[in-house]
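Asker: The file below is coords.cif, mmCIF, N, CA, C and O atoms:
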data_entry
loop_
_atom_site.label_atom_id
_atom_site.label_comp_id
_atom_site.auth_asym_id
_atom_site.auth_seq_id
_atom_site.Cartn_x
_atom_site.Cartn_y
_atom_site.Cartn_z
N MET A 1 -19.87 7.02 10.51
CA MET A 1 -19.11 8.07 11.17
C MET A 1 -19.23 9.35 10.36
O MET A 1 -18.99 9.36 9.17
N ALA A 2 -19.63 10.41 11.00
CA ALA A 2 -19.72 11.70 10.34
C ALA A 2 -18.32 12.29 10.20
O ALA A 2 -17.43 11.99 10.97
N TYR A 3 -18.16 13.13 9.20
CA TYR A 3 -16.86 13.76 9.02
C TYR A 3 -16.84 15.13 9.70
O TYR A 3 -17.86 15.77 9.88
N ASP A 4 -15.66 15.55 10.06
CA ASP A 4 -15.45 16.84 10.71
C ASP A 4 -15.48 17.93 9.65
O ASP A 4 -14.64 17.93 8.74
N GLU A 5 -16.44 18.83 9.76
CA GLU A 5 -16.59 19.89 8.75
C GLU A 5 -15.40 20.84 8.75
O GLU A 5 -15.04 21.39 7.70
N GLY A 6 -14.78 21.04 9.90
CA GLY A 6 -13.59 21.88 9.96
C GLY A 6 -12.44 21.29 9.15
O GLY A 6 -11.76 22.01 8.40
N LEU A 7 -12.24 19.98 9.29
CA LEU A 7 -11.20 19.33 8.50
C LEU A 7 -11.55 19.36 7.02
O LEU A 7 -10.69 19.62 6.19
N ALA A 8 -12.80 19.11 6.69
CA ALA A 8 -13.22 19.16 5.29
C ALA A 8 -12.95 20.55 4.70
O ALA A 8 -12.47 20.66 3.57
N HIS A 9 -13.21 21.58 5.47
CA HIS A 9 -12.95 22.95 5.01
C HIS A 9 -11.45 23.17 4.79
O HIS A 9 -11.03 23.74 3.77
N ARG A 10 -10.64 22.71 5.74
CA ARG A 10 -9.18 22.84 5.60
C ARG A 10 -8.67 22.11 4.38
O ARG A 10 -7.80 22.62 3.66
N LEU A 11 -9.21 20.92 4.13
CA LEU A 11 -8.81 20.17 2.94
C LEU A 11 -9.19 20.94 1.68
O LEU A 11 -8.39 21.06 0.74
N GLY A 12 -10.40 21.45 1.65
CA GLY A 12 -10.84 22.23 0.50
C GLY A 12 -9.98 23.44 0.25
O GLY A 12 -9.65 23.76 -0.90
N GLU A 13 -9.58 24.11 1.33
CA GLU A 13 -8.70 25.29 1.20
C GLU A 13 -7.34 24.88 0.63
O GLU A 13 -6.80 25.55 -0.25
N SER A 14 -6.79 23.79 1.13
CA SER A 14 -5.46 23.35 0.68
C SER A 14 -5.48 22.82 -0.75
O SER A 14 -4.49 22.94 -1.46
N LEU A 15 -6.59 22.23 -1.15
CA LEU A 15 -6.68 21.61 -2.47
C LEU A 15 -7.33 22.51 -3.52
O LEU A 15 -7.40 22.13 -4.69
N GLY A 16 -7.77 23.68 -3.12
CA GLY A 16 -8.57 24.53 -3.98
C GLY A 16 -7.98 24.88 -5.33
O GLY A 16 -8.72 25.16 -6.27
N ASP A 17 -6.67 24.84 -5.47
CA ASP A 17 -6.06 25.21 -6.74
C ASP A 17 -5.94 24.06 -7.73
O ASP A 17 -5.54 24.25 -8.87
N LEU A 18 -6.29 22.85 -7.31
CA LEU A 18 -6.19 21.70 -8.22
C LEU A 18 -7.30 21.71 -9.26
O LEU A 18 -8.47 21.81 -8.90
N PRO A 19 -6.94 21.57 -10.52
CA PRO A 19 -7.99 21.45 -11.54
C PRO A 19 -8.66 20.08 -11.42
O PRO A 19 -8.05 19.12 -10.95
N ASP A 20 -9.90 20.01 -11.83
CA ASP A 20 -10.65 18.74 -11.86
C ASP A 20 -10.79 18.11 -10.47
O ASP A 20 -10.76 16.89 -10.33
N LEU A 21 -10.96 18.95 -9.45
CA LEU A 21 -11.16 18.47 -8.09
C LEU A 21 -12.65 18.42 -7.80
O LEU A 21 -13.37 19.36 -8.08
N THR A 22 -13.11 17.29 -7.27
CA THR A 22 -14.51 17.15 -6.88
C THR A 22 -14.58 16.52 -5.50
O THR A 22 -13.58 16.00 -4.99
N THR A 23 -15.74 16.58 -4.89
CA THR A 23 -15.95 15.93 -3.60
C THR A 23 -17.11 14.95 -3.72
O THR A 23 -17.98 15.10 -4.58
N LYS A 24 -17.09 13.97 -2.84
CA LYS A 24 -18.14 12.96 -2.84
C LYS A 24 -18.24 12.39 -1.43
O LYS A 24 -17.23 12.17 -0.77
N LYS A 25 -19.47 12.14 -0.99
CA LYS A 25 -19.66 11.48 0.29
C LYS A 25 -19.65 9.98 0.07
O LYS A 25 -20.40 9.46 -0.75
N MET A 26 -18.77 9.28 0.80
CA MET A 26 -18.69 7.82 0.76
C MET A 26 -17.98 7.32 2.00
O MET A 26 -17.21 8.05 2.60
N PHE A 27 -18.23 6.10 2.38
CA PHE A 27 -17.66 5.50 3.58
C PHE A 27 -18.03 6.31 4.82
O PHE A 27 -17.33 6.25 5.82
N GLY A 28 -19.07 7.10 4.79
CA GLY A 28 -19.41 7.97 5.91
C GLY A 28 -18.46 9.15 6.03
O GLY A 28 -18.36 9.78 7.07
N THR A 29 -17.72 9.42 4.96
CA THR A 29 -16.73 10.48 4.95
C THR A 29 -17.03 11.43 3.80
O THR A 29 -17.92 11.18 2.98
N LEU A 30 -16.25 12.47 3.74
CA LEU A 30 -16.23 13.33 2.56
C LEU A 30 -14.87 13.12 1.92
O LEU A 30 -13.84 13.35 2.55
N VAL A 31 -14.87 12.63 0.68
CA VAL A 31 -13.60 12.40 -0.01
C VAL A 31 -13.43 13.43 -1.12
O VAL A 31 -14.40 13.93 -1.69
N PHE A 32 -12.18 13.71 -1.39
CA PHE A 32 -11.81 14.63 -2.46
C PHE A 32 -11.21 13.78 -3.58
O PHE A 32 -10.32 12.98 -3.32
N LEU A 33 -11.73 13.97 -4.77
CA LEU A 33 -11.26 13.23 -5.94
C LEU A 33 -10.55 14.21 -6.87
O LEU A 33 -11.03 15.32 -7.11
N TRP A 34 -9.42 13.78 -7.37
CA TRP A 34 -8.66 14.59 -8.31
C TRP A 34 -8.60 13.84 -9.63
O TRP A 34 -8.14 12.71 -9.68
N ARG A 35 -9.16 14.44 -10.66
CA ARG A 35 -9.27 13.83 -11.99
C ARG A 35 -9.99 12.47 -11.90
O ARG A 35 -9.66 11.54 -12.60
N GLY A 36 -10.93 12.38 -10.95
CA GLY A 36 -11.74 11.18 -10.80
C GLY A 36 -11.15 10.12 -9.88
O GLY A 36 -11.80 9.11 -9.62
N ASN A 37 -9.95 10.33 -9.38
CA ASN A 37 -9.30 9.38 -8.48
C ASN A 37 -9.36 9.90 -7.05
O ASN A 37 -9.08 11.07 -6.79
N MET A 38 -9.71 9.01 -6.12
CA MET A 38 -9.75 9.42 -4.72
C MET A 38 -8.36 9.83 -4.27
O MET A 38 -7.37 9.16 -4.55
N LEU A 39 -8.31 10.96 -3.55
CA LEU A 39 -7.05 11.55 -3.11
C LEU A 39 -6.94 11.55 -1.58
O LEU A 39 -6.03 10.94 -1.02
N VAL A 40 -7.85 12.23 -0.91
CA VAL A 40 -7.88 12.33 0.54
C VAL A 40 -9.33 12.39 0.99
O VAL A 40 -10.23 12.61 0.18
N GLY A 41 -9.53 12.24 2.29
CA GLY A 41 -10.87 12.36 2.83
C GLY A 41 -10.84 12.74 4.29
O GLY A 41 -9.82 12.61 4.97
N ALA A 42 -11.97 13.22 4.76
CA ALA A 42 -12.16 13.53 6.17
C ALA A 42 -12.95 12.37 6.78
O ALA A 42 -14.10 12.15 6.43
N LEU A 43 -12.31 11.63 7.66
CA LEU A 43 -12.91 10.47 8.32
C LEU A 43 -13.05 10.83 9.79
O LEU A 43 -12.11 10.70 10.56
N GLY A 44 -14.21 11.34 10.16
CA GLY A 44 -14.34 11.94 11.49
C GLY A 44 -13.42 13.15 11.53
O GLY A 44 -13.44 13.98 10.64
N SER A 45 -12.55 13.20 12.53
CA SER A 45 -11.57 14.29 12.59
C SER A 45 -10.20 13.83 12.08
O SER A 45 -9.22 14.56 12.17
N ASP A 46 -10.15 12.62 11.53
CA ASP A 46 -8.91 12.06 11.00
C ASP A 46 -8.84 12.24 9.49
O ASP A 46 -9.86 12.40 8.82
N LEU A 47 -7.62 12.16 8.97
CA LEU A 47 -7.40 12.27 7.53
C LEU A 47 -7.31 10.89 6.92
O LEU A 47 -6.54 10.04 7.39
N LEU A 48 -8.06 10.66 5.89
CA LEU A 48 -7.95 9.45 5.08
C LEU A 48 -7.01 9.82 3.93
O LEU A 48 -7.30 10.73 3.15
N ALA A 49 -5.87 9.15 3.87
CA ALA A 49 -4.82 9.53 2.93
C ALA A 49 -4.48 8.38 1.99
O ALA A 49 -4.13 7.29 2.43
N ARG A 50 -4.54 8.67 0.69
CA ARG A 50 -4.19 7.68 -0.32
C ARG A 50 -2.74 7.90 -0.74
O ARG A 50 -2.44 8.77 -1.55
N VAL A 51 -1.86 7.11 -0.17
CA VAL A 51 -0.43 7.28 -0.41
C VAL A 51 0.12 6.29 -1.44
O VAL A 51 1.24 6.44 -1.92
N GLY A 52 -0.64 5.26 -1.76
CA GLY A 52 -0.19 4.24 -2.70
C GLY A 52 0.45 3.06 -1.99
O GLY A 52 1.00 3.20 -0.90
N PRO A 53 0.36 1.88 -2.61
CA PRO A 53 0.88 0.67 -1.99
C PRO A 53 2.37 0.72 -1.66
O PRO A 53 2.80 0.23 -0.62
N GLU A 54 3.18 1.31 -2.54
CA GLU A 54 4.62 1.35 -2.32
C GLU A 54 5.01 2.28 -1.17
O GLU A 54 6.05 2.09 -0.54
N ALA A 55 4.21 3.29 -0.90
CA ALA A 55 4.53 4.26 0.15
C ALA A 55 3.80 3.98 1.46
O ALA A 55 4.02 4.69 2.45
N GLN A 56 2.98 2.95 1.48
CA GLN A 56 2.17 2.69 2.67
C GLN A 56 3.02 2.36 3.90
O GLN A 56 2.78 2.90 4.98
N ALA A 57 4.01 1.50 3.77
CA ALA A 57 4.83 1.13 4.93
C ALA A 57 5.54 2.35 5.50
O ALA A 57 5.59 2.53 6.72
N ASP A 58 6.08 3.19 4.63
CA ASP A 58 6.75 4.41 5.09
C ASP A 58 5.76 5.33 5.80
O ASP A 58 6.06 5.88 6.86
N ALA A 59 4.57 5.47 5.23
CA ALA A 59 3.55 6.33 5.84
C ALA A 59 3.14 5.78 7.21
O ALA A 59 2.93 6.56 8.15
N LEU A 60 3.04 4.48 7.33
CA LEU A 60 2.64 3.88 8.60
C LEU A 60 3.72 3.97 9.67
O LEU A 60 3.44 3.77 10.86
N SER A 61 4.94 4.31 9.28
CA SER A 61 6.01 4.48 10.28
C SER A 61 5.93 5.85 10.96
O SER A 61 6.61 6.08 11.96
N VAL A 62 5.08 6.73 10.44
CA VAL A 62 4.90 8.06 11.02
C VAL A 62 3.95 7.95 12.22
O VAL A 62 2.88 7.35 12.11
N PRO A 63 4.34 8.51 13.37
CA PRO A 63 3.45 8.46 14.54
C PRO A 63 2.08 9.07 14.22
O PRO A 63 1.98 10.06 13.50
N GLY A 64 1.05 8.42 14.74
CA GLY A 64 -0.32 8.92 14.54
C GLY A 64 -1.01 8.37 13.31
O GLY A 64 -2.07 8.84 12.93
N THR A 65 -0.41 7.35 12.69
CA THR A 65 -1.04 6.75 11.51
C THR A 65 -1.46 5.32 11.81
O THR A 65 -0.92 4.66 12.70
N ARG A 66 -2.41 4.85 11.03
CA ARG A 66 -2.85 3.45 11.13
C ARG A 66 -3.39 3.02 9.77
O ARG A 66 -3.68 3.84 8.91
N VAL A 67 -3.53 1.73 9.60
CA VAL A 67 -4.08 1.17 8.37
C VAL A 67 -5.55 1.54 8.25
O VAL A 67 -6.27 1.57 9.25
N PHE A 68 -5.99 1.84 7.06
CA PHE A 68 -7.41 2.08 6.81
C PHE A 68 -8.08 0.73 6.65
O PHE A 68 -7.86 0.01 5.69
N ASP A 69 -8.88 0.38 7.64
CA ASP A 69 -9.53 -0.93 7.69
C ASP A 69 -11.02 -0.71 7.90
O ASP A 69 -11.54 -0.87 8.99
N PHE A 70 -11.69 -0.31 6.84
CA PHE A 70 -13.10 0.08 6.93
C PHE A 70 -14.04 -1.12 6.95
O PHE A 70 -15.02 -1.13 7.66
N THR A 71 -13.73 -2.13 6.19
CA THR A 71 -14.64 -3.27 6.04
C THR A 71 -14.15 -4.54 6.72
O THR A 71 -14.71 -5.60 6.50
N GLY A 72 -13.11 -4.43 7.53
CA GLY A 72 -12.52 -5.62 8.13
C GLY A 72 -11.37 -6.15 7.30
O GLY A 72 -10.71 -7.10 7.68
N LYS A 73 -11.13 -5.53 6.16
CA LYS A 73 -10.02 -5.90 5.29
C LYS A 73 -9.23 -4.62 5.01
O LYS A 73 -9.77 -3.67 4.44
N PRO A 74 -7.95 -4.59 5.43
CA PRO A 74 -7.15 -3.39 5.21
C PRO A 74 -7.09 -3.02 3.72
O PRO A 74 -6.99 -3.88 2.86
N MET A 75 -7.18 -1.71 3.47
CA MET A 75 -7.12 -1.23 2.09
C MET A 75 -5.68 -0.87 1.76
O MET A 75 -5.07 -0.03 2.42
N ARG A 76 -5.14 -1.53 0.75
CA ARG A 76 -3.76 -1.28 0.32
C ARG A 76 -3.62 0.13 -0.20
O ARG A 76 -4.42 0.60 -0.98
N GLY A 77 -2.57 0.78 0.24
CA GLY A 77 -2.26 2.11 -0.27
C GLY A 77 -2.93 3.25 0.46
O GLY A 77 -2.76 4.41 0.09
N TRP A 78 -3.69 2.92 1.51
CA TRP A 78 -4.40 3.94 2.27
C TRP A 78 -3.96 3.91 3.72
O TRP A 78 -3.72 2.84 4.28
N VAL A 79 -3.88 5.08 4.35
CA VAL A 79 -3.63 5.18 5.78
C VAL A 79 -4.60 6.20 6.37
O VAL A 79 -5.13 7.06 5.66
N VAL A 80 -4.80 6.09 7.66
CA VAL A 80 -5.58 7.08 8.40
C VAL A 80 -4.60 7.82 9.30
O VAL A 80 -3.79 7.19 9.99
N VAL A 81 -4.66 9.14 9.24
CA VAL A 81 -3.78 9.98 10.05
C VAL A 81 -4.63 10.62 11.15
O VAL A 81 -5.63 11.29 10.85
N ASP A 82 -4.22 10.41 12.38
CA ASP A 82 -4.95 10.95 13.52
C ASP A 82 -5.10 12.46 13.41
O ASP A 82 -4.17 13.16 13.01
N GLY A 83 -6.26 12.96 13.78
CA GLY A 83 -6.55 14.38 13.69
C GLY A 83 -5.55 15.26 14.42
O GLY A 83 -5.24 16.36 13.95
N GLU A 84 -5.04 14.78 15.55
CA GLU A 84 -4.05 15.57 16.28
C GLU A 84 -2.74 15.69 15.52
O GLU A 84 -2.04 16.69 15.64
N ALA A 85 -2.42 14.70 14.70
CA ALA A 85 -1.18 14.73 13.92
C ALA A 85 -1.25 15.70 12.75
O ALA A 85 -0.22 16.03 12.16
N ILE A 86 -2.45 16.15 12.41
CA ILE A 86 -2.61 17.11 11.30
C ILE A 86 -3.25 18.41 11.78
O ILE A 86 -3.85 19.14 11.00
N SER A 87 -3.10 18.70 13.08
CA SER A 87 -3.71 19.91 13.62
C SER A 87 -3.06 21.17 13.07
O SER A 87 -3.71 22.21 12.98
N GLU A 88 -1.81 21.09 12.68
CA GLU A 88 -1.11 22.23 12.06
C GLU A 88 -1.25 22.13 10.54
O GLU A 88 -1.16 21.03 9.98
N ASP A 89 -1.45 23.27 9.90
CA ASP A 89 -1.64 23.29 8.45
C ASP A 89 -0.44 22.71 7.72
O ASP A 89 -0.60 22.04 6.70
N GLU A 90 0.76 22.94 8.22
CA GLU A 90 1.96 22.42 7.57
C GLU A 90 1.94 20.88 7.54
O GLU A 90 2.29 20.27 6.53
N ALA A 91 1.52 20.26 8.63
CA ALA A 91 1.45 18.80 8.68
C ALA A 91 0.39 18.29 7.71
O ALA A 91 0.61 17.30 6.99
N LEU A 92 -0.75 18.96 7.65
CA LEU A 92 -1.80 18.56 6.71
C LEU A 92 -1.29 18.69 5.28
O LEU A 92 -1.48 17.80 4.46
N ASP A 93 -0.62 19.80 4.98
CA ASP A 93 -0.09 20.00 3.63
C ASP A 93 0.94 18.95 3.25
O ASP A 93 1.01 18.52 2.09
N ASP A 94 1.76 18.50 4.22
CA ASP A 94 2.73 17.45 3.95
C ASP A 94 2.03 16.15 3.55
O ASP A 94 2.46 15.46 2.61
N TRP A 95 0.95 15.81 4.26
CA TRP A 95 0.20 14.59 3.91
C TRP A 95 -0.48 14.74 2.55
O TRP A 95 -0.50 13.79 1.75
N ILE A 96 -1.02 15.90 2.28
CA ILE A 96 -1.64 16.12 0.97
C ILE A 96 -0.60 15.95 -0.13
O ILE A 96 -0.88 15.34 -1.17
N ALA A 97 0.60 16.44 0.09
CA ALA A 97 1.67 16.30 -0.91
C ALA A 97 2.00 14.83 -1.16
O ALA A 97 2.20 14.42 -2.31
N ARG A 98 2.05 14.03 -0.11
CA ARG A 98 2.29 12.59 -0.28
C ARG A 98 1.20 11.98 -1.17
O ARG A 98 1.49 11.16 -2.05
N CYS A 99 -0.02 12.35 -0.89
CA CYS A 99 -1.15 11.79 -1.66
C CYS A 99 -1.12 12.27 -3.10
O CYS A 99 -1.37 11.49 -4.03
N ARG A 100 -0.83 13.53 -3.30
CA ARG A 100 -0.75 14.07 -4.67
C ARG A 100 0.33 13.36 -5.46
O ARG A 100 0.15 13.10 -6.66
N ASP A 101 1.47 13.06 -4.83
CA ASP A 101 2.55 12.36 -5.53
C ASP A 101 2.05 11.04 -6.12
O ASP A 101 2.41 10.68 -7.24
N PHE A 102 1.25 10.32 -5.36
CA PHE A 102 0.74 9.04 -5.85
C PHE A 102 -0.35 9.23 -6.89
O PHE A 102 -0.30 8.67 -7.99
N VAL A 103 -1.35 10.02 -6.57
CA VAL A 103 -2.53 10.15 -7.43
C VAL A 103 -2.18 10.84 -8.75
O VAL A 103 -2.78 10.56 -9.77
N GLU A 104 -1.21 11.72 -8.73
CA GLU A 104 -0.80 12.43 -9.95
C GLU A 104 -0.34 11.46 -11.04
O GLU A 104 -0.51 11.71 -12.22
N ALA A 105 0.23 10.33 -10.63
CA ALA A 105 0.73 9.33 -11.57
C ALA A 105 -0.38 8.44 -12.14
O ALA A 105 -0.15 7.70 -13.10
N LEU A 106 -1.57 8.51 -11.57
CA LEU A 106 -2.67 7.67 -12.05
C LEU A 106 -3.35 8.30 -13.26
O LEU A 106 -3.44 9.54 -13.36
N PRO A 107 -3.86 7.48 -14.17
CA PRO A 107 -4.60 8.05 -15.30
C PRO A 107 -5.93 8.62 -14.83
O PRO A 107 -6.56 8.09 -13.90
N PRO A 108 -6.38 9.72 -15.44
CA PRO A 108 -7.70 10.27 -15.08
C PRO A 108 -8.80 9.26 -15.35
O PRO A 108 -8.68 8.42 -16.24
N LYS A 109 -9.87 9.34 -14.54
CA LYS A 109 -11.03 8.46 -14.75
C LYS A 109 -12.11 9.23 -15.45
O LYS A 109 -12.28 10.39 -15.30
#
Would you kindly transcribe this structure into structure tokens?

Answerer:
Amino acid sequence: MAYDEGLAHRLGESLGDLPDLTTKKMFGTLVFLWRGNMLVGALGSDLLARVGPEAQADALSVPGTRVFDFTGKPMRGWVVVDGEAISEDEALDDWIARCRDFVEALPPK
């Protein structure tokens, strides 16, 4: 699945002030890594969000989300947010904040 370049650009704009931010193509997506840890990604026109195992159930209670099940096995701590649910910058920024809360606590790689 190709990623949506518009979403990738929006993610880059929102994350641009983070130090040690890099991008990498994987899973057919473009992912953003912060201090070497995967943070978010553009999965088609949807957002791949790393919220952490403890926050996953809460994240999945939000309309427009689903489990990230890329290989037939759900990935703990990850959700996919439908592109329509993040069409507004404020909604995208809220999801980025959730992801930053989790990834910020991880040691750099």

Asker: Taking the file as I've supplied it (selection: the PyMOL selection byres ((chain A and resi 77) around 6)), which residues are included? Please answer as a PyMOL selection string.

Answerer: chain A and resi 49-54+56+75-76+78-79

Asker: Using only C-alpha atoms, what does the table of segment 68-100 of chain A residues within 6 Å of segment 36-48 of chain A look like, with each row giving the shortest atom pair and its distance in Å to one decimal, sorted by chain and ascending number, as CSV?

Answerer:
residue,atom,partner,partner_atom,distance
A:Val80,CA,A:Leu48,CA,4.7
A:Val81,CA,A:Leu47,CA,5.0
A:Asp82,CA,A:Asp46,CA,4.8
A:Gly83,CA,A:Asp46,CA,4.3

Asker: To one decimal in Å, tell me the separation between atom CA of Ser14 of chain A and atom CA of Asp93 of chain A.

Answerer: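 Pair atom CA of Ser14 of chain A / atom CA of Asp93 of chain A returns 7.0 Å.
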
Asker: Pick out the closest residue to Ala59 of chain A from this set: A:Ala105, A:Met26, A:Ile86, A:Cys99. Count only C-alpha atoms.

Answerer: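 Closest to Ala59 of chain A, using only C-alpha atoms: A:Cys99.
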
Asker: Quote the spacing between atom N of Gly64 of chain A and atom C of Ala85 of chain A in Å to one decimal place.

Answerer: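 We find that atom N of Gly64 of chain A and atom C of Ala85 of chain A lie 7.9 Å from each other.
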
Asker: Quick one: pick out all alpha helix (DSSP H) residues within chain A from a backbone DSSP run and write them as a ChimeraX atom specification.

Answerer: /A:5-15,56-60,89-104

Asker: My structure is short of atoms at segment 36-45 of chain A; please model all heavy atoms there, returning them as a PDB file, in the coordinates of the input.

Answerer:
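rebuild-v6.pdb written:
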ATOM      1  N   GLY A  36     -10.930  12.380 -10.950  1.00  0.00           N
ATOM      2  CA  GLY A  36     -11.740  11.180 -10.800  1.00  0.00           C
ATOM      3  C   GLY A  36     -11.150  10.120  -9.880  1.00  0.00           C
ATOM      4  O   GLY A  36     -11.800   9.110  -9.620  1.00  0.00           O
ATOM      5  N   ASN A  37      -9.950  10.330  -9.380  1.00  0.00           N
ATOM      6  CA  ASN A  37      -9.300   9.380  -8.480  1.00  0.00           C
ATOM      7  C   ASN A  37      -9.360   9.900  -7.050  1.00  0.00           C
ATOM      8  O   ASN A  37      -9.080  11.070  -6.790  1.00  0.00           O
ATOM      9  CB  ASN A  37      -7.820   9.201  -8.862  1.00  0.00           C
ATOM     10  CG  ASN A  37      -7.661   8.505 -10.189  1.00  0.00           C
ATOM     11  OD1 ASN A  37      -7.994   7.342 -10.323  1.00  0.00           O
ATOM     12  ND2 ASN A  37      -7.153   9.219 -11.179  1.00  0.00           N
ATOM     13  N   MET A  38      -9.710   9.010  -6.120  1.00  0.00           N
ATOM     14  CA  MET A  38      -9.750   9.420  -4.720  1.00  0.00           C
ATOM     15  C   MET A  38      -8.360   9.830  -4.270  1.00  0.00           C
ATOM     16  O   MET A  38      -7.370   9.160  -4.550  1.00  0.00           O
ATOM     17  CB  MET A  38     -10.291   8.287  -3.862  1.00  0.00           C
ATOM     18  CG  MET A  38     -11.768   8.036  -4.109  1.00  0.00           C
ATOM     19  SD  MET A  38     -12.428   6.623  -3.212  1.00  0.00           S
ATOM     20  CE  MET A  38     -11.997   7.006  -1.539  1.00  0.00           C
ATOM     21  N   LEU A  39      -8.310  10.960  -3.550  1.00  0.00           N
ATOM     22  CA  LEU A  39      -7.050  11.550  -3.110  1.00  0.00           C
ATOM     23  C   LEU A  39      -6.940  11.550  -1.580  1.00  0.00           C
ATOM     24  O   LEU A  39      -6.030  10.940  -1.020  1.00  0.00           O
ATOM     25  CB  LEU A  39      -6.960  12.988  -3.647  1.00  0.00           C
ATOM     26  CG  LEU A  39      -5.765  13.829  -3.275  1.00  0.00           C
ATOM     27  CD1 LEU A  39      -4.487  13.271  -3.882  1.00  0.00           C
ATOM     28  CD2 LEU A  39      -5.976  15.266  -3.750  1.00  0.00           C
ATOM     29  N   VAL A  40      -7.850  12.230  -0.910  1.00  0.00           N
ATOM     30  CA  VAL A  40      -7.880  12.330   0.540  1.00  0.00           C
ATOM     31  C   VAL A  40      -9.330  12.390   0.990  1.00  0.00           C
ATOM     32  O   VAL A  40     -10.230  12.610   0.180  1.00  0.00           O
ATOM     33  CB  VAL A  40      -7.138  13.580   1.078  1.00  0.00           C
ATOM     34  CG1 VAL A  40      -5.649  13.504   0.809  1.00  0.00           C
ATOM     35  CG2 VAL A  40      -7.737  14.848   0.523  1.00  0.00           C
ATOM     36  N   GLY A  41      -9.530  12.240   2.290  1.00  0.00           N
ATOM     37  CA  GLY A  41     -10.870  12.360   2.830  1.00  0.00           C
ATOM     38  C   GLY A  41     -10.840  12.740   4.290  1.00  0.00           C
ATOM     39  O   GLY A  41      -9.820  12.610   4.970  1.00  0.00           O
ATOM     40  N   ALA A  42     -11.970  13.220   4.760  1.00  0.00           N
ATOM     41  CA  ALA A  42     -12.160  13.530   6.170  1.00  0.00           C
ATOM     42  C   ALA A  42     -12.950  12.370   6.780  1.00  0.00           C
ATOM     43  O   ALA A  42     -14.100  12.150   6.430  1.00  0.00           O
ATOM     44  CB  ALA A  42     -12.909  14.847   6.328  1.00  0.00           C
ATOM     45  N   LEU A  43     -12.310  11.630   7.660  1.00  0.00           N
ATOM     46  CA  LEU A  43     -12.910  10.470   8.320  1.00  0.00           C
ATOM     47  C   LEU A  43     -13.050  10.830   9.790  1.00  0.00           C
ATOM     48  O   LEU A  43     -12.110  10.700  10.560  1.00  0.00           O
ATOM     49  CB  LEU A  43     -12.014   9.243   8.136  1.00  0.00           C
ATOM     50  CG  LEU A  43     -12.465   7.933   8.757  1.00  0.00           C
ATOM     51  CD1 LEU A  43     -13.754   7.451   8.107  1.00  0.00           C
ATOM     52  CD2 LEU A  43     -11.380   6.882   8.618  1.00  0.00           C
ATOM     53  N   GLY A  44     -14.210  11.340  10.160  1.00  0.00           N
ATOM     54  CA  GLY A  44     -14.340  11.940  11.490  1.00  0.00           C
ATOM     55  C   GLY A  44     -13.420  13.150  11.530  1.00  0.00           C
ATOM     56  O   GLY A  44     -13.440  13.980  10.640  1.00  0.00           O
ATOM     57  N   SER A  45     -12.550  13.200  12.530  1.00  0.00           N
ATOM     58  CA  SER A  45     -11.570  14.290  12.590  1.00  0.00           C
ATOM     59  C   SER A  45     -10.200  13.830  12.080  1.00  0.00           C
ATOM     60  O   SER A  45      -9.220  14.560  12.170  1.00  0.00           O
ATOM     61  CB  SER A  45     -11.439  14.796  14.028  1.00  0.00           C
ATOM     62  OG  SER A  45     -10.987  13.753  14.871  1.00  0.00           O
TER      63      SER A  45
END
